[in-house]
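Student: My file is target39.csv. It has CSV, C-alpha atoms:
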```csv
chain,number,residue,atom,x,y,z
A,1317,MET,CA,113.8,114.1,145.2
A,1318,LYS,CA,117.3,114.1,143.8
A,1319,LYS,CA,119.1,110.8,143.3
A,1320,ARG,CA,122.9,110.5,143.1
A,1321,TRP,CA,124.4,107.7,140.9
A,1322,GLN,CA,128.2,107.2,141.4
A,1323,HIS,CA,131.1,104.9,141.3
A,1324,CYS,CA,131.0,104.7,137.5
A,1325,HIS,CA,132.5,105.9,134.3
A,1326,ALA,CA,130.4,107.5,131.6
A,1327,ALA,CA,130.4,107.6,127.8
A,1328,SER,CA,127.9,110.4,127.6
A,1329,MET,CA,127.7,110.5,123.7
A,1330,ALA,CA,127.3,114.3,123.9
A,1331,GLY,CA,128.2,115.6,120.5
A,1332,GLY,CA,127.9,112.1,119.1
A,1333,ARG,CA,131.2,110.9,120.6
A,1334,TYR,CA,132.1,108.8,123.6
A,1335,SER,CA,132.8,112.0,125.6
A,1336,ILE,CA,134.4,110.0,128.4
A,1337,ILE,CA,134.0,111.0,132.0
A,1338,GLU,CA,136.2,108.9,134.3
A,1339,ASP,CA,135.0,108.4,138.0
A,1340,ALA,CA,131.7,110.0,137.1
A,1341,ALA,CA,128.6,110.9,139.0
A,1342,LEU,CA,125.1,111.6,137.7
A,1343,VAL,CA,122.2,113.3,139.5
A,1344,THR,CA,118.6,112.8,138.6
A,1345,GLU,CA,115.5,114.5,139.7
A,1346,GLY,CA,112.2,113.0,138.7
A,1347,ALA,CA,112.7,111.4,135.3
A,1348,HIS,CA,115.5,113.7,134.2
A,1349,ILE,CA,119.2,114.3,134.5
A,1350,VAL,CA,120.0,117.5,136.4
A,1351,TRP,CA,123.8,117.1,136.7
A,1352,ILE,CA,126.6,114.9,135.2
A,1353,GLY,CA,130.4,115.2,135.5
A,1354,PRO,CA,133.4,114.0,137.4
A,1355,ARG,CA,132.5,112.8,140.9
A,1356,ALA,CA,135.1,115.2,142.4
A,1357,GLU,CA,133.1,118.1,141.1
A,1358,LEU,CA,129.7,116.9,142.3
A,1359,PRO,CA,127.9,119.9,144.0
A,1360,ALA,CA,127.1,119.6,147.6
A,1361,GLY,CA,123.4,119.1,148.2
A,1362,ASP,CA,120.6,117.0,149.7
A,1363,TYR,CA,120.4,113.7,147.9
A,1364,GLY,CA,117.6,111.6,148.9
A,1365,GLU,CA,119.3,108.4,147.6
A,1366,THR,CA,122.8,107.4,146.5
A,1367,VAL,CA,123.2,104.5,144.2
A,1368,ASP,CA,126.6,102.7,143.9
A,1369,LEU,CA,127.1,101.5,140.4
A,1370,GLY,CA,130.1,99.3,141.2
A,1371,GLY,CA,132.5,100.7,138.7
A,1372,ALA,CA,130.2,100.2,135.7
A,1373,TRP,CA,130.3,102.1,132.4
A,1374,LEU,CA,127.3,104.3,131.8
A,1375,THR,CA,125.8,104.8,128.3
A,1376,PRO,CA,122.5,106.3,127.2
A,1377,GLY,CA,119.7,103.8,127.0
A,1378,LEU,CA,119.9,102.1,123.6
A,1379,ILE,CA,117.4,103.2,120.9
A,1380,ASP,CA,116.2,101.0,118.1
A,1381,CYS,CA,114.9,103.5,115.6
A,1382,HIS,CA,113.7,101.2,112.8
A,1383,THR,CA,111.6,98.0,113.5
A,1384,HIS,CA,108.7,96.2,112.0
A,1385,LEU,CA,108.1,94.0,115.1
A,1386,VAL,CA,104.3,93.8,114.9
A,1387,PHE,CA,103.3,91.2,112.3
A,1388,GLY,CA,101.5,87.9,111.8
A,1389,GLY,CA,102.9,84.6,110.5
A,1390,ASP,CA,106.4,83.5,109.8
A,1391,ARG,CA,108.7,83.6,106.8
A,1392,SER,CA,111.5,81.1,107.7
A,1393,ALA,CA,110.6,79.2,104.5
A,1394,GLU,CA,111.7,82.2,102.5
A,1395,PHE,CA,115.0,82.2,104.3
A,1396,GLU,CA,115.5,78.7,103.0
A,1397,GLN,CA,114.5,79.8,99.5
A,1398,ARG,CA,117.1,82.6,99.5
A,1399,LEU,CA,119.8,80.1,100.7
A,1400,GLU,CA,118.9,78.1,97.6
A,1401,GLY,CA,119.5,81.0,95.3
A,1402,VAL,CA,116.0,82.5,94.9
A,1403,SER,CA,116.1,86.3,95.0
A,1404,TYR,CA,114.0,88.6,97.2
A,1405,ALA,CA,112.4,90.0,94.0
A,1406,GLU,CA,111.5,86.5,92.7
A,1407,ILE,CA,110.0,85.6,96.1
A,1408,ALA,CA,107.9,88.7,96.1
A,1409,ALA,CA,106.7,88.1,92.5
A,1410,ALA,CA,105.5,84.6,93.5
A,1411,GLY,CA,103.3,86.1,96.3
A,1412,GLY,CA,105.8,85.9,99.1
A,1413,GLY,CA,107.7,88.7,100.7
A,1414,ILE,CA,105.7,91.5,102.2
A,1415,ALA,CA,102.5,90.1,100.6
A,1416,SER,CA,102.6,86.9,102.6
A,1417,THR,CA,103.0,88.8,105.9
A,1418,VAL,CA,100.1,91.1,104.9
A,1419,ARG,CA,97.9,88.0,104.6
A,1420,ALA,CA,99.0,86.6,107.9
A,1421,THR,CA,98.7,90.0,109.7
A,1422,ARG,CA,95.2,90.7,108.3
A,1423,GLU,CA,94.1,87.2,109.5
A,1424,ALA,CA,95.6,87.6,113.0
A,1425,SER,CA,93.6,89.1,115.9
A,1426,GLU,CA,94.8,92.2,117.7
A,1427,GLY,CA,95.5,90.0,120.7
A,1428,GLU,CA,97.6,87.6,118.7
A,1429,LEU,CA,99.6,90.4,117.2
A,1430,LEU,CA,100.2,91.8,120.6
A,1431,THR,CA,101.4,88.5,122.1
A,1432,GLY,CA,104.0,88.1,119.4
A,1433,ALA,CA,105.1,91.7,119.5
A,1434,LEU,CA,105.6,91.6,123.2
A,1435,LEU,CA,107.9,88.6,122.9
A,1436,ARG,CA,110.0,90.3,120.3
A,1437,ALA,CA,110.1,93.6,122.0
A,1438,ARG,CA,111.2,92.0,125.3
A,1439,GLN,CA,114.2,90.6,123.5
A,1440,LEU,CA,115.3,94.1,122.6
A,1441,LEU,CA,114.6,95.5,126.1
A,1442,ARG,CA,116.8,92.8,127.7
A,1443,GLU,CA,119.8,94.2,125.8
A,1444,GLY,CA,119.3,97.7,127.2
A,1445,VAL,CA,116.9,99.2,124.7
A,1446,THR,CA,114.8,101.9,126.4
A,1447,THR,CA,113.3,103.5,123.2
A,1448,LEU,CA,112.1,102.0,120.0
A,1449,GLU,CA,110.2,102.8,116.9
A,1450,VAL,CA,107.7,100.4,115.4
A,1451,LYS,CA,106.2,100.7,111.9
A,1452,SER,CA,102.9,99.5,110.6
A,1453,GLY,CA,102.8,98.5,106.9
A,1454,TYR,CA,101.6,94.8,107.0
A,1455,GLY,CA,98.0,95.8,107.0
A,1456,LEU,CA,97.6,97.9,103.9
A,1457,SER,CA,94.0,98.7,104.6
A,1458,LEU,CA,92.4,101.2,107.0
A,1459,ALA,CA,91.2,98.5,109.4
A,1460,ALA,CA,94.3,96.4,109.4
A,1461,GLU,CA,96.7,99.4,109.7
A,1462,ARG,CA,94.6,100.6,112.6
A,1463,LYS,CA,94.9,97.2,114.2
A,1464,MET,CA,98.7,97.3,113.9
A,1465,LEU,CA,99.0,100.8,115.2
A,1466,ARG,CA,96.8,100.0,118.2
A,1467,VAL,CA,99.1,97.2,119.1
A,1468,ILE,CA,102.1,99.5,118.8
A,1469,ARG,CA,100.5,101.9,121.2
A,1470,ARG,CA,99.8,99.0,123.6
A,1471,LEU,CA,103.5,98.1,123.6
A,1472,GLY,CA,104.3,101.4,125.1
A,1473,GLU,CA,101.6,101.0,127.7
A,1474,LEU,CA,102.6,97.5,128.8
A,1475,LEU,CA,106.4,97.6,128.6
A,1476,PRO,CA,108.9,100.0,130.3
A,1477,VAL,CA,110.0,101.5,126.9
A,1478,THR,CA,109.3,104.7,125.0
A,1479,VAL,CA,107.6,103.7,121.7
A,1480,ARG,CA,107.3,105.8,118.6
A,1481,SER,CA,104.6,104.7,116.1
A,1482,THR,CA,105.2,105.1,112.4
A,1483,CYS,CA,102.5,104.6,109.7
A,1484,LEU,CA,104.0,102.7,106.8
A,1485,ALA,CA,100.8,102.2,104.8
A,1486,ALA,CA,102.8,103.0,101.6
A,1487,HIS,CA,104.9,99.8,102.2
A,1488,ALA,CA,103.6,97.6,99.4
A,1489,LEU,CA,100.7,97.3,97.0
A,1490,PRO,CA,97.9,95.3,98.5
A,1491,PRO,CA,96.6,92.4,96.4
A,1492,GLU,CA,93.2,94.1,95.9
A,1493,PHE,CA,94.9,97.0,94.2
A,1494,ALA,CA,97.1,95.0,91.8
A,1495,GLY,CA,98.1,97.1,88.9
A,1496,ARG,CA,96.5,100.2,90.5
A,1497,ALA,CA,99.3,101.8,92.6
A,1498,ASP,CA,98.1,105.3,92.1
A,1499,ALA,CA,94.6,104.4,93.3
A,1500,TYR,CA,96.1,102.9,96.4
A,1501,ILE,CA,98.1,106.0,97.1
A,1502,ASP,CA,94.8,107.9,96.7
A,1503,LEU,CA,93.4,105.8,99.5
A,1504,VAL,CA,96.4,106.2,101.7
A,1505,CYS,CA,96.3,110.0,101.3
A,1506,ALA,CA,92.6,110.5,101.4
A,1507,GLU,CA,91.5,108.0,104.0
A,1508,ILE,CA,94.1,105.9,105.8
A,1509,LEU,CA,96.6,108.6,106.9
A,1510,PRO,CA,94.0,111.3,107.8
A,1511,GLN,CA,91.8,108.9,109.8
A,1512,LEU,CA,94.6,107.2,111.7
A,1513,ALA,CA,96.3,110.5,112.5
A,1514,SER,CA,93.0,111.9,113.8
A,1515,GLU,CA,92.8,108.9,116.2
A,1516,GLY,CA,96.2,109.7,117.7
A,1517,LEU,CA,97.8,106.5,116.4
A,1518,VAL,CA,100.6,108.1,114.3
A,1519,ASP,CA,103.8,109.8,115.3
A,1520,ALA,CA,105.5,109.8,111.8
A,1521,VAL,CA,104.9,108.6,108.3
A,1522,ASP,CA,107.1,106.3,106.2
A,1523,ALA,CA,107.1,104.8,102.7
A,1524,PHE,CA,109.0,102.3,100.6
A,1525,CYS,CA,110.5,104.1,97.6
A,1526,GLU,CA,111.7,101.2,95.4
A,1527,HIS,CA,110.8,99.4,92.2
A,1528,LEU,CA,109.2,96.7,94.5
A,1529,GLY,CA,107.3,99.5,96.3
A,1530,PHE,CA,106.4,103.0,95.1
A,1531,SER,CA,107.8,105.5,92.7
A,1532,PRO,CA,109.3,108.8,93.8
A,1533,ALA,CA,106.2,110.6,92.5
A,1534,GLN,CA,103.9,108.4,94.5
A,1535,VAL,CA,106.0,108.8,97.6
A,1536,GLU,CA,106.0,112.6,97.2
A,1537,ARG,CA,102.2,112.5,97.4
A,1538,VAL,CA,102.4,110.7,100.7
A,1539,PHE,CA,104.9,113.3,101.9
A,1540,GLN,CA,102.6,116.1,101.0
A,1541,CYS,CA,99.8,114.4,102.8
A,1542,ALA,CA,101.9,114.0,105.9
A,1543,GLY,CA,102.9,117.6,105.8
A,1544,GLU,CA,99.2,118.7,105.7
A,1545,LEU,CA,98.6,116.5,108.7
A,1546,GLY,CA,101.6,118.0,110.6
A,1547,LEU,CA,103.4,114.6,110.7
A,1548,PRO,CA,107.2,114.1,110.3
A,1549,ILE,CA,108.4,111.8,107.6
A,1550,LYS,CA,110.9,109.0,107.1
A,1551,LEU,CA,111.7,106.8,104.0
A,1552,HIS,CA,112.9,103.4,103.0
A,1553,ALA,CA,115.3,104.5,100.2
A,1554,GLU,CA,118.1,103.2,97.9
A,1555,GLN,CA,118.0,99.7,99.3
A,1556,LEU,CA,117.9,97.8,96.0
A,1557,SER,CA,118.4,100.5,93.4
A,1558,SER,CA,119.1,104.2,93.0
A,1559,LEU,CA,115.9,106.2,92.7
A,1560,HIS,CA,117.2,109.2,94.7
A,1561,GLY,CA,114.4,108.7,97.3
A,1562,SER,CA,116.8,109.9,99.9
A,1563,SER,CA,117.2,113.2,98.1
A,1564,LEU,CA,113.4,113.5,97.8
A,1565,ALA,CA,113.1,112.8,101.6
A,1566,ALA,CA,115.7,115.4,102.3
A,1567,ARG,CA,113.8,117.9,100.2
A,1568,TYR,CA,110.8,117.4,102.5
A,1569,GLY,CA,112.9,117.7,105.6
A,1570,ALA,CA,112.7,114.0,106.6
A,1571,LEU,CA,113.9,112.8,110.0
A,1572,SER,CA,115.7,110.0,108.2
A,1573,ALA,CA,116.2,108.0,105.1
A,1574,ASP,CA,116.9,104.3,105.8
A,1575,HIS,CA,118.9,101.5,104.1
A,1576,LEU,CA,120.8,103.6,101.5
A,1577,GLU,CA,123.1,101.0,99.9
A,1578,PHE,CA,122.6,102.6,96.5
A,1579,MET,CA,122.7,106.3,97.5
A,1580,ASP,CA,125.2,108.6,95.7
A,1581,GLU,CA,127.0,111.7,96.6
A,1582,SER,CA,124.2,114.0,95.6
A,1583,ASP,CA,121.9,112.1,98.0
A,1584,ALA,CA,124.5,112.5,100.8
A,1585,GLN,CA,124.8,116.2,100.1
A,1586,ALA,CA,121.0,116.6,100.2
A,1587,MET,CA,120.7,114.8,103.4
A,1588,ALA,CA,123.5,116.8,105.0
A,1589,ALA,CA,121.8,120.0,104.0
A,1590,ALA,CA,118.5,118.9,105.4
A,1591,GLY,CA,119.9,117.4,108.6
A,1592,SER,CA,118.3,114.1,107.8
A,1593,VAL,CA,119.8,111.0,109.6
A,1594,ALA,CA,121.1,108.0,107.6
A,1595,VAL,CA,119.7,104.9,109.3
A,1596,LEU,CA,121.8,101.9,108.3
A,1597,LEU,CA,120.4,98.4,108.6
A,1598,PRO,CA,123.1,95.8,108.5
A,1599,GLY,CA,120.7,93.0,109.4
A,1600,ALA,CA,118.9,93.2,106.1
A,1601,PHE,CA,122.2,93.6,104.3
A,1602,TYR,CA,123.4,90.4,105.9
A,1603,CYS,CA,120.3,88.3,105.5
A,1604,LEU,CA,119.8,89.3,101.9
A,1605,ARG,CA,123.5,88.6,101.2
A,1606,GLU,CA,123.9,92.0,99.6
A,1607,THR,CA,127.2,93.1,98.2
A,1608,GLN,CA,126.5,96.8,97.6
A,1609,LEU,CA,127.7,98.5,100.8
A,1610,PRO,CA,126.2,101.8,102.0
A,1611,PRO,CA,128.7,104.6,101.2
A,1612,ILE,CA,130.0,105.2,104.7
A,1613,ASP,CA,132.8,107.4,103.5
A,1614,LEU,CA,130.4,109.7,101.7
A,1615,LEU,CA,128.2,110.0,104.7
A,1616,ARG,CA,131.3,110.8,106.9
A,1617,ARG,CA,132.7,113.3,104.3
A,1618,HIS,CA,129.4,115.3,104.2
A,1619,GLY,CA,128.7,115.1,108.0
A,1620,VAL,CA,125.5,113.0,107.7
A,1621,ALA,CA,124.6,111.5,111.1
A,1622,MET,CA,124.5,107.7,111.0
A,1623,ALA,CA,122.1,105.7,113.0
A,1624,ILE,CA,122.0,101.9,113.3
A,1625,ALA,CA,118.8,99.8,113.8
A,1626,SER,CA,117.7,96.2,113.8
A,1627,ASP,CA,115.1,96.5,111.1
A,1628,LEU,CA,113.4,93.7,113.0
A,1629,ASN,CA,111.0,92.1,110.5
A,1630,PRO,CA,109.9,88.6,109.5
A,1631,GLY,CA,111.4,88.5,106.0
A,1632,THR,CA,114.7,90.3,105.6
A,1633,SER,CA,116.0,91.0,109.1
A,1634,PRO,CA,114.7,88.7,111.9
A,1635,ALA,CA,117.1,90.4,114.2
A,1636,LEU,CA,116.4,90.3,118.0
A,1637,SER,CA,119.7,91.9,119.0
A,1638,LEU,CA,120.6,95.6,118.5
A,1639,ARG,CA,124.1,94.9,119.9
A,1640,LEU,CA,124.6,92.4,117.2
A,1641,MET,CA,123.7,95.1,114.7
A,1642,MET,CA,126.4,97.3,116.2
A,1643,ASN,CA,128.9,94.5,115.6
A,1644,MET,CA,127.7,94.0,112.0
A,1645,ALA,CA,127.9,97.8,111.4
A,1646,CYS,CA,131.6,97.6,112.4
A,1647,THR,CA,132.5,94.4,110.7
A,1648,LEU,CA,130.4,94.7,107.5
A,1649,PHE,CA,130.2,98.5,107.0
A,1650,ARG,CA,133.6,99.4,108.6
A,1651,MET,CA,132.1,101.8,111.1
A,1652,THR,CA,134.0,102.3,114.4
A,1653,PRO,CA,132.7,101.1,117.7
A,1654,GLU,CA,132.3,104.8,118.7
A,1655,GLU,CA,130.2,105.5,115.6
A,1656,ALA,CA,128.2,102.3,116.3
A,1657,LEU,CA,127.4,103.5,119.8
A,1658,ALA,CA,126.4,106.9,118.6
A,1659,GLY,CA,124.3,105.1,116.0
A,1660,VAL,CA,122.1,103.4,118.6
A,1661,THR,CA,121.9,106.4,121.0
A,1662,LEU,CA,122.2,110.1,120.0
A,1663,HIS,CA,121.8,109.6,116.2
A,1664,ALA,CA,119.0,107.1,116.6
A,1665,ALA,CA,117.2,109.6,118.9
A,1666,GLN,CA,117.6,112.3,116.1
A,1667,ALA,CA,116.1,109.8,113.6
A,1668,LEU,CA,113.0,109.7,115.7
A,1669,GLY,CA,112.8,113.5,116.4
A,1670,LEU,CA,113.8,112.9,120.0
A,1671,GLY,CA,117.3,114.4,119.9
A,1672,HIS,CA,116.3,117.1,122.3
A,1673,SER,CA,115.3,114.6,125.0
A,1674,HIS,CA,117.0,111.3,124.4
A,1675,GLY,CA,120.2,109.7,123.2
A,1676,SER,CA,122.9,111.2,125.4
A,1677,LEU,CA,123.7,111.8,129.0
A,1678,GLU,CA,123.2,115.5,129.3
A,1679,VAL,CA,121.4,117.9,131.7
A,1680,GLY,CA,117.8,118.2,130.9
A,1681,LYS,CA,117.5,114.9,129.0
A,1682,VAL,CA,115.5,111.9,130.1
A,1683,ALA,CA,117.3,109.7,132.6
A,1684,ASP,CA,117.4,106.6,130.5
A,1685,PHE,CA,120.8,104.9,130.8
A,1686,VAL,CA,122.5,101.5,131.1
A,1687,ALA,CA,125.2,100.7,133.6
A,1688,TRP,CA,127.3,98.0,131.8
A,1689,ASP,CA,129.7,95.6,133.5
A,1690,ILE,CA,132.4,96.1,130.8
A,1691,ALA,CA,136.0,97.3,130.8
A,1692,ARG,CA,135.5,99.8,127.9
A,1693,PRO,CA,132.6,101.0,125.7
A,1694,ALA,CA,133.9,99.2,122.6
A,1695,GLU,CA,132.9,95.9,124.2
A,1696,LEU,CA,129.3,96.7,123.3
A,1697,ALA,CA,130.1,96.2,119.6
A,1698,TYR,CA,132.7,93.6,120.3
A,1699,TRP,CA,130.8,90.7,121.8
A,1700,LEU,CA,128.7,88.5,119.4
A,1701,GLY,CA,125.5,87.6,121.2
A,1702,GLY,CA,124.8,86.8,124.8
A,1703,GLU,CA,123.7,89.1,127.5
A,1704,LEU,CA,126.3,91.4,129.1
A,1705,GLY,CA,126.0,92.2,132.7
A,1706,LYS,CA,124.1,95.4,133.2
A,1707,ARG,CA,121.6,97.5,135.1
A,1708,VAL,CA,119.0,99.3,133.0
A,1709,ILE,CA,117.6,102.6,134.3
A,1710,ARG,CA,114.6,104.2,132.7
A,1711,HIS,CA,113.2,107.5,133.8
A,1712,ALA,CA,115.7,107.3,136.8
A,1713,GLU,CA,114.2,104.0,138.0
A,1714,GLU,CA,116.1,100.7,137.7
A,1715,LEU,CA,114.2,98.0,135.8
A,1716,THR,CA,114.2,94.6,137.5
A,1717,ASP,CA,112.2,92.6,135.0
A,1718,VAL,CA,111.1,92.9,131.4
```
Translate the structure of the given file into structure tokens.
Tutor:
Amino acid sequence: MKKRWQHCHAASMAGGRYSIIEDAALVTEGAHIVWIGPRAELPAGDYGETVDLGGAWLTPGLIDCHTHLVFGGDRSAEFEQRLEGVSYAEIAAAGGGIASTVRATREASEGELLTGALLRARQLLREGVTTLEVKSGYGLSLAAERKMLRVIRRLGELLPVTVRSTCLAAHALPPEFAGRADAYIDLVCAEILPQLASEGLVDAVDAFCEHLGFSPAQVERVFQCAGELGLPIKLHAEQLSSLHGSSLAARYGALSADHLEFMDESDAQAMAAAGSVAVLLPGAFYCLRETQLPPIDLLRRHGVAMAIASDLNPGTSPALSLRLMMNMACTLFRMTPEEALAGVTLHAAQALGLGHSHGSLEVGKVADFVAWDIARPAELAYWLGGELGKRVIRHAEELTDV
């Protein structure tokens, strides 16, 4: 049955721009968009239902393409330490950072992890998020990574949201492998990734390429393993130093490289040639009080698509608002509101390998959209916090409770 949605304006984000349609109408059939355009051009037809959107602005459903929202424990004490001048590297060296979350995650039951993850995911959904990615990486053993990935799959079953599951087993060195990073990468490639992929728990593979994480050579082994398993790759790269991980990721055709504060022009050129998306994470930049800005002008100059994500995690970006990340991308990184909206819709979809089906209001794509009670699209990046009036539609059905 076809459904007609009208009395609205649309920022379709086709082509990564607002692509404004005044006095728009949109037609859905099943879970997909079958027509969009000016209401005056709406084809005559038999519409089983007509929905009046009250003059709202339509955008694609928001997409958070980089989160770590499944975890155990709490790291608010580290937040206090950083405010007192202790660096992230010093906290990690003292057994904090990722290692502390690994301990808490290993100790938590699957049910406990799910309860916490549902609370955090619902915060994102209330802001209009209809698709999100969740990474593992706080387990760092086959059993604990499996536990995390099972919880990630459950999120997509229990909530009205499309969830992509990324295995980040190469996130940090587990304590039982201290001083034996190559041996741990052996385990990741020989056992953890193949087994979890065979169980259908993995949509993509990620790694942390940094002096606190793994070397480019070690990451390359993970990429080669992912390729043998037929899994797309992503990478945490150039957050704290320049190791040219983003160039390495581009060489392997990565969906994205994320953070990127220390990338240089050669990295931007490599990503442009590969079509890899630059995922920018202003929450971590803000919480760590960094001063090295990601090179936005380089990314623009070379035509690298820029996505924005919450990086929701317990240590460096306890961010429960994707719209706040849009504002930070504008105020801290000097992106435009139009770039910010593209960053949480079309480009975020591309960073998840979903650009063909999500991220813009176009014929053939999934009917995930938000009808916002705003005067213009820039308001989505303008307001700091608070819930804006809206109606969230997923798969052509309006959500009434998340």
Student: Leaving out stretch 1687-1700 of chain A and any residue of its chain fewer than 6 positions from it, which residues lie within 6 Å of it when counting all atoms listed in the file, given as a list of chain:residue names?
Tutor: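 Surrounding residues, per the criterion: A:Ala1372, A:Trp1373, A:Leu1374, A:Met1642, A:Asn1643, A:Pro1653, A:Lys1706, A:Arg1707.
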Student: Would you save the residues of that selection, restricted to C-alpha atoms, as a short mmCIF file (atom, residue, chain, number, x, y, z; two decimals), in the coordinates of the input?
Tutor:
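For reference, again-v5.cif as written:
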```cif
data_model
loop_
_atom_site.label_atom_id
_atom_site.label_comp_id
_atom_site.auth_asym_id
_atom_site.auth_seq_id
_atom_site.Cartn_x
_atom_site.Cartn_y
_atom_site.Cartn_z
CA ALA A 1372 130.20 100.20 135.70
CA TRP A 1373 130.30 102.10 132.40
CA LEU A 1374 127.30 104.30 131.80
CA MET A 1642 126.40 97.30 116.20
CA ASN A 1643 128.90 94.50 115.60
CA PRO A 1653 132.70 101.10 117.70
CA LYS A 1706 124.10 95.40 133.20
CA ARG A 1707 121.60 97.50 135.10
#
```
Student: From (98.9, 97.4, 111.4), in the file's coordinates, out to 9 Å: which residues are reached, counting only C-alpha atoms? Answer as a ChimeraX atom specification.
Tutor: /A:1386-1387,1421-1422,1451-1468,1483-1485
Student: Keeping C-alpha atoms, export the residues of the selection given above as a PDB file, in the frame of the given file.
Tutor:
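Generated file (result-v3.pdb):
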```
ATOM      1  CA  VAL A1386     104.300  93.800 114.900  1.00  0.00           C
ATOM      2  CA  PHE A1387     103.300  91.200 112.300  1.00  0.00           C
ATOM      3  CA  THR A1421      98.700  90.000 109.700  1.00  0.00           C
ATOM      4  CA  ARG A1422      95.200  90.700 108.300  1.00  0.00           C
ATOM      5  CA  LYS A1451     106.200 100.700 111.900  1.00  0.00           C
ATOM      6  CA  SER A1452     102.900  99.500 110.600  1.00  0.00           C
ATOM      7  CA  GLY A1453     102.800  98.500 106.900  1.00  0.00           C
ATOM      8  CA  TYR A1454     101.600  94.800 107.000  1.00  0.00           C
ATOM      9  CA  GLY A1455      98.000  95.800 107.000  1.00  0.00           C
ATOM     10  CA  LEU A1456      97.600  97.900 103.900  1.00  0.00           C
ATOM     11  CA  SER A1457      94.000  98.700 104.600  1.00  0.00           C
ATOM     12  CA  LEU A1458      92.400 101.200 107.000  1.00  0.00           C
ATOM     13  CA  ALA A1459      91.200  98.500 109.400  1.00  0.00           C
ATOM     14  CA  ALA A1460      94.300  96.400 109.400  1.00  0.00           C
ATOM     15  CA  GLU A1461      96.700  99.400 109.700  1.00  0.00           C
ATOM     16  CA  ARG A1462      94.600 100.600 112.600  1.00  0.00           C
ATOM     17  CA  LYS A1463      94.900  97.200 114.200  1.00  0.00           C
ATOM     18  CA  MET A1464      98.700  97.300 113.900  1.00  0.00           C
ATOM     19  CA  LEU A1465      99.000 100.800 115.200  1.00  0.00           C
ATOM     20  CA  ARG A1466      96.800 100.000 118.200  1.00  0.00           C
ATOM     21  CA  VAL A1467      99.100  97.200 119.100  1.00  0.00           C
ATOM     22  CA  ILE A1468     102.100  99.500 118.800  1.00  0.00           C
ATOM     23  CA  CYS A1483     102.500 104.600 109.700  1.00  0.00           C
ATOM     24  CA  LEU A1484     104.000 102.700 106.800  1.00  0.00           C
ATOM     25  CA  ALA A1485     100.800 102.200 104.800  1.00  0.00           C
TER      26      ALA A1485
END
```
Student: Hey, what's within 10 Å of A:Met1651 if we count all atoms listed in the file and toss same-chain stuff fewer than 6 positions away? As a PyMOL selection string, please?
Tutor: chain A and resi 1612-1613+1616+1622+1642-1645+1659
Student: Counting only C-alpha atoms, figure out which residue out of A:Tyr1404, A:Trp1351, A:Phe1493, A:Tyr1363 gets nearest to A:Ala1600.
Tutor: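 Checking each candidate against A:Ala1600, we get A:Tyr1404 as the closest.
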Student: Interatomic distance between atom CA of A:Leu1596 and atom CA of A:Ser1626?
Tutor: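 It comes out at 8.9 Å.
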Student: Between atom CA of A:Gly1444 and atom CA of A:Ala1623, what is the distance, to one decimal in Å?
Tutor: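 Atom CA of A:Gly1444 sits 16.5 Å away from atom CA of A:Ala1623.
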Student: Please identify all polymer residues lying at most 12 Å from the point (109.5, 84.2, 99.8) (file coordinates), using all atoms listed in the file, and present the result as a count of residues only.
Tutor: 32
Student: What is the atom CA of A:Ala1437-atom CA of A:Leu1385 distance in Å, reported with one decimal?
Tutor: 7.2 Å
Student: Rank nothing, just name the residue among A:Ala1341, A:Val1538, A:Ala1667, A:Ala1565 nearest to A:Arg1320, using all atoms listed in the file.
Tutor: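 Of the candidates, the smallest distance to A:Arg1320 is held by A:Ala1341.
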Student: Could you check which of A:Cys1381, A:Ala1330, A:Leu1648, A:Ala1356 is closest to A:Val1660, using only C-alpha atoms?
Tutor: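 Ranked by minimum distance to A:Val1660, first place goes to A:Cys1381.
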Student: So, counting all atoms listed in the file, which residue among A:Leu1662, A:Gly1591, A:Gln1585, A:Gln1540 is closest to A:Glu1678?
Tutor: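 Smallest distance to A:Glu1678 is found for A:Leu1662.
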Student: Of the candidates A:Leu1628, A:Val1418, A:Leu1509, A:Ile1349, which shows the shortest atom-to-atom distance to A:Ala1433, using only C-alpha atoms?
Tutor: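 Of A:Leu1628, A:Val1418, A:Leu1509, A:Ile1349, the one nearest A:Ala1433 is A:Leu1628, counting only C-alpha atoms.
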Student: Could you check which of A:Leu1547, A:Met1587, A:Ala1664, A:Leu1657 is closest to A:Ala1513, using all atoms listed in the file?
Tutor: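 Closest to A:Ala1513 of all the choices is A:Leu1547.
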Student: Stretch 1583-1702 of chain A near stretch 1519-1528 of chain A within 12 Å: what's each residue's closest atom pair and its distance in Å to one decimal, counting all atoms listed in the file, ordered by chain then ascending residue number, as a Markdown table?
Tutor:
```
| residue | atom | partner | partner_atom | distance |
| --- | --- | --- | --- | --- |
| A:Ala1667 | CA | A:Ala1520 | CA | 10.8 |
| A:Leu1668 | CA | A:Ala1520 | CA | 8.5 |
| A:Gly1669 | CA | A:Ala1520 | CA | 9.4 |
| A:Leu1670 | CA | A:Asp1519 | CA | 11.5 |
```
Student: If we count only C-alpha atoms, what is near stretch 1681-1683 of chain A at a cut-off of 10 Å, once residues fewer than 3 positions away on the same chain are taken out, given as JSON, numbers by chain?
Tutor: {"A": [1342, 1343, 1344, 1345, 1346, 1347, 1348, 1349, 1350, 1376, 1377, 1670, 1671, 1672, 1673, 1674, 1675, 1676, 1677, 1678, 1686, 1709, 1710, 1711, 1712, 1713]}
